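The next block holds one structure in the form of structure tokens; read it before the comments.
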Amino acid sequence: MSSSPESAAPDAYTPDNGSTSYRVGHYDLTLDYKLASNRLSGRAVLTMTAQRELQGLELDLGGLRTTKVTSDTVRIRSFKDRAGKLVVAFRDAVPDDAEFRLEIRYEGNPAPTSGTWGDVGWEELTDGVLVAGQPTGAPSWFPCNDHPSNKASYRFTVTTDAGYRAICNGVLVSRIAKSSRTTWVYEQAEPMATYLATVQIGRYELVALNDPAQPAVALPGHAAQRDPGAPVPQYAAVPPSLVPAAKTSLARNHEMMSTFEDRFGPYPFPQYVVVVADDELEIPLEAQTLSIIGRNHLRQDWDAQRLIAHELAHQWFGNAVTAARWQDIWLHEGFACYAEWIWSEASGSTTADARARSTHERLSAERQDLAVGDPGAPEMFDDRVYKRGALALHVLRTAAGDDAFFMLLRSWTEAHRFASVTTPDFIALAARSLAGVDVEVLLTRWLFTEELPAL
């Protein structure tokens, strides 16, 4: 984990979410969902560790009603829902560093939460469900410690209408069909931030996306790790009517995967799934081990393909290696945007340098009032964070040379795999790794100066 003290502090961009008084190590979520009535009944078992002596705690949970809180490790005095929080009081203090469990029953009609960044969280589709959790949508469907640095393992058990596929993070371990209901169980073993947890429900078929020239891989059915050197199992979950378009639009996914493994290091998870919603979506979404695109993204033009590459790159930058604080979101978006340019040149299209120069020219005509390394909460998803973050990496690459630069990216993903990081962590590693480059001066200029530097 990052040693930076900021990673343990309440997040300045989302001050109403998350707590540093405890950590959650594992979420066991059992969900029963009825599509026609948008009715969710949930049971969440949280395995937690106190970070100081606790008389009680607050969990993030909004728009749903808690019906019961029990524990086999602590005595519960009371609980109540209050202003987007589940407040739990204990009869006896929980000592610092003690592990304990809470079992929480809750129910209601889940809906997105509204805030600075619009509606985020549990959303009803025309025929199904989509969960888009970034940055504060997780409490719309389960009680959690919604702080970006609190990563945990997960188990999801989702029961929903027959004829629909439920897709969650991780690997499918079982599917049980009973008359009009089907139960899907997924294990997400690698640590994951709450905003990346997701449930997708739709009339989906699973289509393999691996290179036909490579050995066939079985559809996911158990949580075994893939063999070293074997191709990453990749799938698309697609409405039947969109299968031909998905096969065409996602035909180069295995090439994207190979390119990014070469540049960024081994893919960090057992498999990868692209969910194609049967609705039009404004933008694609990333979640750990999967991404979500709309039917409108099933195209072969550059703008669609760059978004597909962008979401895949987030598996390294954002999911495996996660910013400990939202002000460092360029560590996700700048890197994923630069991955688009890497794919552009690897696929035989425009070079990264040409992409950088045209982007710089466009940005030079826009407002110069944003620092990429700390853009402020309202602006953290501003396109300039993405593009200027990518430009910072391109300038670093140009100064260091390709071999040293890509060695740095591989070292970054290896050193911090499944951990939480900050911008100072990246600057420190780059300074140690890139001989002859004044990394601190270069990145400080590009990340913390509002005026766009010359390219």
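Chains: A, B, ... in order of the structure tokens. Residues: from 1 per chain. Ligands: from 1, in order shown.
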If you count only C-alpha atoms, which residues fall within 10 Å of Glu340 in chain A, apart from same-chain ones fewer than 6 positions away, as a PDB file with N, CA and C atoms, in the first residue's frame?
```pdb
ATOM      1  N   MET A 256      -5.712  -5.594 -28.650  1.00  0.00           N
ATOM      2  CA  MET A 256      -5.565  -4.564 -27.620  1.00  0.00           C
ATOM      3  C   MET A 256      -4.977  -5.161 -26.354  1.00  0.00           C
ATOM      4  N   TRP A 302     -12.663   5.343 -35.259  1.00  0.00           N
ATOM      5  CA  TRP A 302     -11.675   5.599 -34.208  1.00  0.00           C
ATOM      6  C   TRP A 302     -12.332   6.001 -32.897  1.00  0.00           C
ATOM      7  N   ASP A 303     -13.366   6.839 -32.928  1.00  0.00           N
ATOM      8  CA  ASP A 303     -13.934   7.334 -31.689  1.00  0.00           C
ATOM      9  C   ASP A 303     -14.530   6.202 -30.858  1.00  0.00           C
ATOM     10  N   GLN A 305     -13.550   2.884 -31.165  1.00  0.00           N
ATOM     11  CA  GLN A 305     -12.471   1.962 -30.817  1.00  0.00           C
ATOM     12  C   GLN A 305     -11.574   2.523 -29.715  1.00  0.00           C
ATOM     13  N   ARG A 306     -11.377   3.834 -29.694  1.00  0.00           N
ATOM     14  CA  ARG A 306     -10.531   4.411 -28.642  1.00  0.00           C
ATOM     15  C   ARG A 306     -11.202   4.252 -27.282  1.00  0.00           C
ATOM     16  N   LEU A 307     -12.535   4.346 -27.237  1.00  0.00           N
ATOM     17  CA  LEU A 307     -13.247   4.175 -25.973  1.00  0.00           C
ATOM     18  C   LEU A 307     -13.158   2.734 -25.487  1.00  0.00           C
ATOM     19  N   ILE A 308     -13.229   1.794 -26.414  1.00  0.00           N
ATOM     20  CA  ILE A 308     -13.090   0.375 -26.053  1.00  0.00           C
ATOM     21  C   ILE A 308     -11.696   0.116 -25.482  1.00  0.00           C
ATOM     22  N   ALA A 309     -10.682   0.705 -26.106  1.00  0.00           N
ATOM     23  CA  ALA A 309      -9.310   0.564 -25.597  1.00  0.00           C
ATOM     24  C   ALA A 309      -9.157   1.260 -24.251  1.00  0.00           C
ATOM     25  N   HIS A 310      -9.755   2.428 -24.119  1.00  0.00           N
ATOM     26  CA  HIS A 310      -9.682   3.208 -22.871  1.00  0.00           C
ATOM     27  C   HIS A 310     -10.194   2.386 -21.694  1.00  0.00           C
ATOM     28  N   GLU A 311     -11.350   1.751 -21.852  1.00  0.00           N
ATOM     29  CA  GLU A 311     -11.939   0.986 -20.730  1.00  0.00           C
ATOM     30  C   GLU A 311     -11.095  -0.244 -20.406  1.00  0.00           C
ATOM     31  N   LEU A 312     -10.533  -0.893 -21.415  1.00  0.00           N
ATOM     32  CA  LEU A 312      -9.645  -2.027 -21.140  1.00  0.00           C
ATOM     33  C   LEU A 312      -8.423  -1.574 -20.346  1.00  0.00           C
ATOM     34  N   ALA A 313      -7.847  -0.435 -20.708  1.00  0.00           N
ATOM     35  CA  ALA A 313      -6.648   0.052 -20.012  1.00  0.00           C
ATOM     36  C   ALA A 313      -6.915   0.330 -18.544  1.00  0.00           C
ATOM     37  N   ALA A 346      -0.058   1.277 -32.283  1.00  0.00           N
ATOM     38  CA  ALA A 346       0.155  -0.170 -32.379  1.00  0.00           C
ATOM     39  C   ALA A 346      -0.754  -0.797 -33.433  1.00  0.00           C
ATOM     40  N   ALA A 352       1.250   8.078 -31.596  1.00  0.00           N
ATOM     41  CA  ALA A 352       0.968   8.762 -30.336  1.00  0.00           C
ATOM     42  C   ALA A 352       1.447  10.206 -30.392  1.00  0.00           C
ATOM     43  N   ARG A 355      -1.088  12.233 -32.234  1.00  0.00           N
ATOM     44  CA  ARG A 355      -2.268  12.427 -31.369  1.00  0.00           C
ATOM     45  C   ARG A 355      -1.966  13.503 -30.317  1.00  0.00           C
ATOM     46  N   ALA A 390      -2.674  12.666 -20.274  1.00  0.00           N
ATOM     47  CA  ALA A 390      -2.025  11.887 -21.336  1.00  0.00           C
ATOM     48  C   ALA A 390      -0.834  12.643 -21.914  1.00  0.00           C
TER      49      ALA A 390
END
```
What is the distance, in Å and to one decimal place, between CA of Ile176 in chain A and CA of Glu286 in chain A?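 These two atoms are separated by 27.3 Å.
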Using only C-alpha atoms, determine which residues lie at most 8 Å from range 182-199 of chain A, disregarding the query and same-chain residues fewer than 4 positions distant; provide the list as a PyMOL selection string. chain A and resi 129-138+144-162+166-178+223+269+286-288+319-320+322+418-419
All residues 9 Å or closer to Ser411 in chain A, only C-alpha atoms, same chain fewer than 3 positions away omitted, as number ranges by chain: A: 264-265, 406-408, 414-416, 429, 433
Take the residues that were just selected and, keeping all heavy atoms, output them as a short mmCIF file (atom, residue, chain, number, x, y, z; two decimals), in the first residue's frame.
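Okay, this is what ended up in selection-v5.cif:
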```cif
data_model
loop_
_atom_site.label_atom_id
_atom_site.label_comp_id
_atom_site.auth_asym_id
_atom_site.auth_seq_id
_atom_site.Cartn_x
_atom_site.Cartn_y
_atom_site.Cartn_z
N PHE A 264 2.21 -2.55 -20.46
CA PHE A 264 1.87 -2.29 -19.05
C PHE A 264 2.18 -3.44 -18.11
O PHE A 264 2.14 -3.26 -16.89
CB PHE A 264 0.38 -1.97 -18.91
CG PHE A 264 -0.13 -0.91 -19.85
CD1 PHE A 264 -1.44 -0.97 -20.32
CD2 PHE A 264 0.68 0.14 -20.26
CE1 PHE A 264 -1.93 0.01 -21.18
CE2 PHE A 264 0.20 1.11 -21.14
CZ PHE A 264 -1.12 1.03 -21.60
N GLY A 265 2.48 -4.63 -18.63
CA GLY A 265 2.69 -5.78 -17.79
C GLY A 265 1.50 -6.73 -17.86
O GLY A 265 0.48 -6.43 -18.50
N PHE A 406 8.36 2.57 -20.94
CA PHE A 406 7.47 1.43 -20.77
C PHE A 406 7.96 0.50 -19.65
O PHE A 406 7.15 -0.17 -19.00
CB PHE A 406 7.28 0.69 -22.09
CG PHE A 406 6.42 1.47 -23.06
CD1 PHE A 406 6.94 1.93 -24.26
CD2 PHE A 406 5.10 1.76 -22.75
CE1 PHE A 406 6.16 2.67 -25.14
CE2 PHE A 406 4.31 2.50 -23.62
CZ PHE A 406 4.82 2.95 -24.81
N MET A 407 9.26 0.48 -19.40
CA MET A 407 9.75 -0.23 -18.22
C MET A 407 9.20 0.42 -16.95
O MET A 407 8.82 -0.26 -15.99
CB MET A 407 11.27 -0.24 -18.20
CG MET A 407 11.87 -0.93 -16.97
SD MET A 407 11.53 -2.72 -16.97
CE MET A 407 12.71 -3.24 -18.23
N LEU A 408 9.11 1.76 -16.94
CA LEU A 408 8.53 2.47 -15.80
C LEU A 408 7.06 2.07 -15.60
O LEU A 408 6.65 1.80 -14.47
CB LEU A 408 8.63 3.98 -16.02
CG LEU A 408 7.81 4.86 -15.06
CD1 LEU A 408 8.30 4.72 -13.63
CD2 LEU A 408 7.86 6.32 -15.52
N GLU A 414 3.48 -3.35 -11.44
CA GLU A 414 3.95 -4.48 -10.64
C GLU A 414 4.12 -4.10 -9.17
O GLU A 414 3.69 -4.82 -8.26
CB GLU A 414 5.27 -5.00 -11.19
CG GLU A 414 5.82 -6.19 -10.41
CD GLU A 414 7.15 -6.69 -10.94
OE1 GLU A 414 7.69 -6.08 -11.89
OE2 GLU A 414 7.66 -7.69 -10.40
N ALA A 415 4.72 -2.95 -8.93
CA ALA A 415 5.02 -2.53 -7.55
C ALA A 415 3.75 -2.24 -6.76
O ALA A 415 3.72 -2.42 -5.54
CB ALA A 415 5.93 -1.31 -7.57
N HIS A 416 2.70 -1.77 -7.43
CA HIS A 416 1.50 -1.32 -6.71
C HIS A 416 0.26 -2.13 -7.08
O HIS A 416 -0.86 -1.66 -6.89
CB HIS A 416 1.26 0.16 -6.99
CG HIS A 416 2.37 1.05 -6.51
ND1 HIS A 416 2.58 1.31 -5.17
CD2 HIS A 416 3.35 1.70 -7.19
CE1 HIS A 416 3.62 2.11 -5.04
NE2 HIS A 416 4.11 2.36 -6.23
N LEU A 429 8.72 7.05 -8.07
CA LEU A 429 9.17 5.90 -8.84
C LEU A 429 9.79 6.34 -10.16
O LEU A 429 10.84 5.82 -10.57
CB LEU A 429 8.01 4.94 -9.10
CG LEU A 429 8.37 3.69 -9.91
CD1 LEU A 429 9.38 2.82 -9.15
CD2 LEU A 429 7.12 2.88 -10.24
N SER A 433 13.61 5.77 -11.58
CA SER A 433 13.72 4.88 -12.72
C SER A 433 14.31 5.53 -13.96
O SER A 433 14.90 4.83 -14.80
CB SER A 433 12.34 4.31 -13.07
OG SER A 433 11.74 3.67 -11.95
#
```
Residues at most 12 Å from Leu443 in chain A, counting only C-alpha atoms, excluding those fewer than 6 positions away in the same chain, as number ranges by chain? A: 371-373, 388-397, 399, 423-424, 426-428, 430-431, 437, 449, 453
Excluding Glu280 in chain A and any residue of its chain fewer than 2 positions from it, enumerate the residues within 6 Å of it, using only C-alpha atoms, and give them as a count of residues only. 3
Nearest to Pro95 in chain A, chosen from A:Gly401, A:Gly63, A:Pro112, A:Gly56, with only C-alpha atoms counted in the distances: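 For Pro95 in chain A, the nearest of the candidates is A:Gly56.
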Identify which of the residues A:Pro233, A:Thr398, A:Asp403, A:Ala89 lies closest to Arg75 in chain A, counting only C-alpha atoms when measuring atom-to-atom distances. A:Ala89
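If you measure from each of A:Glu124, A:Ala83, A:Asp382, A:Ala12 to Asn38 in chain A using only C-alpha atoms, the closest one turns out to be A:Glu124.
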Nearest-residue call for Asp374 in chain A, choices A:Pro15, A:Ser179, A:Ile329, A:Arg105, using only C-alpha atoms: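 The shortest atom-to-atom distance to Asp374 in chain A comes from A:Ile329.
Every protein or nucleic acid residue with an atom no more than 9 Å from Val274 in chain A, counting only C-alpha atoms and leaving out same-chain residues fewer than 2 positions away, appears here: Gln234, Tyr235, Ala236, Ala237, Val238, Leu250, Tyr272, Val276, Thr289, Leu290, Ser291, Ile292, Ile293, Ile308 and Leu312 of chain A.
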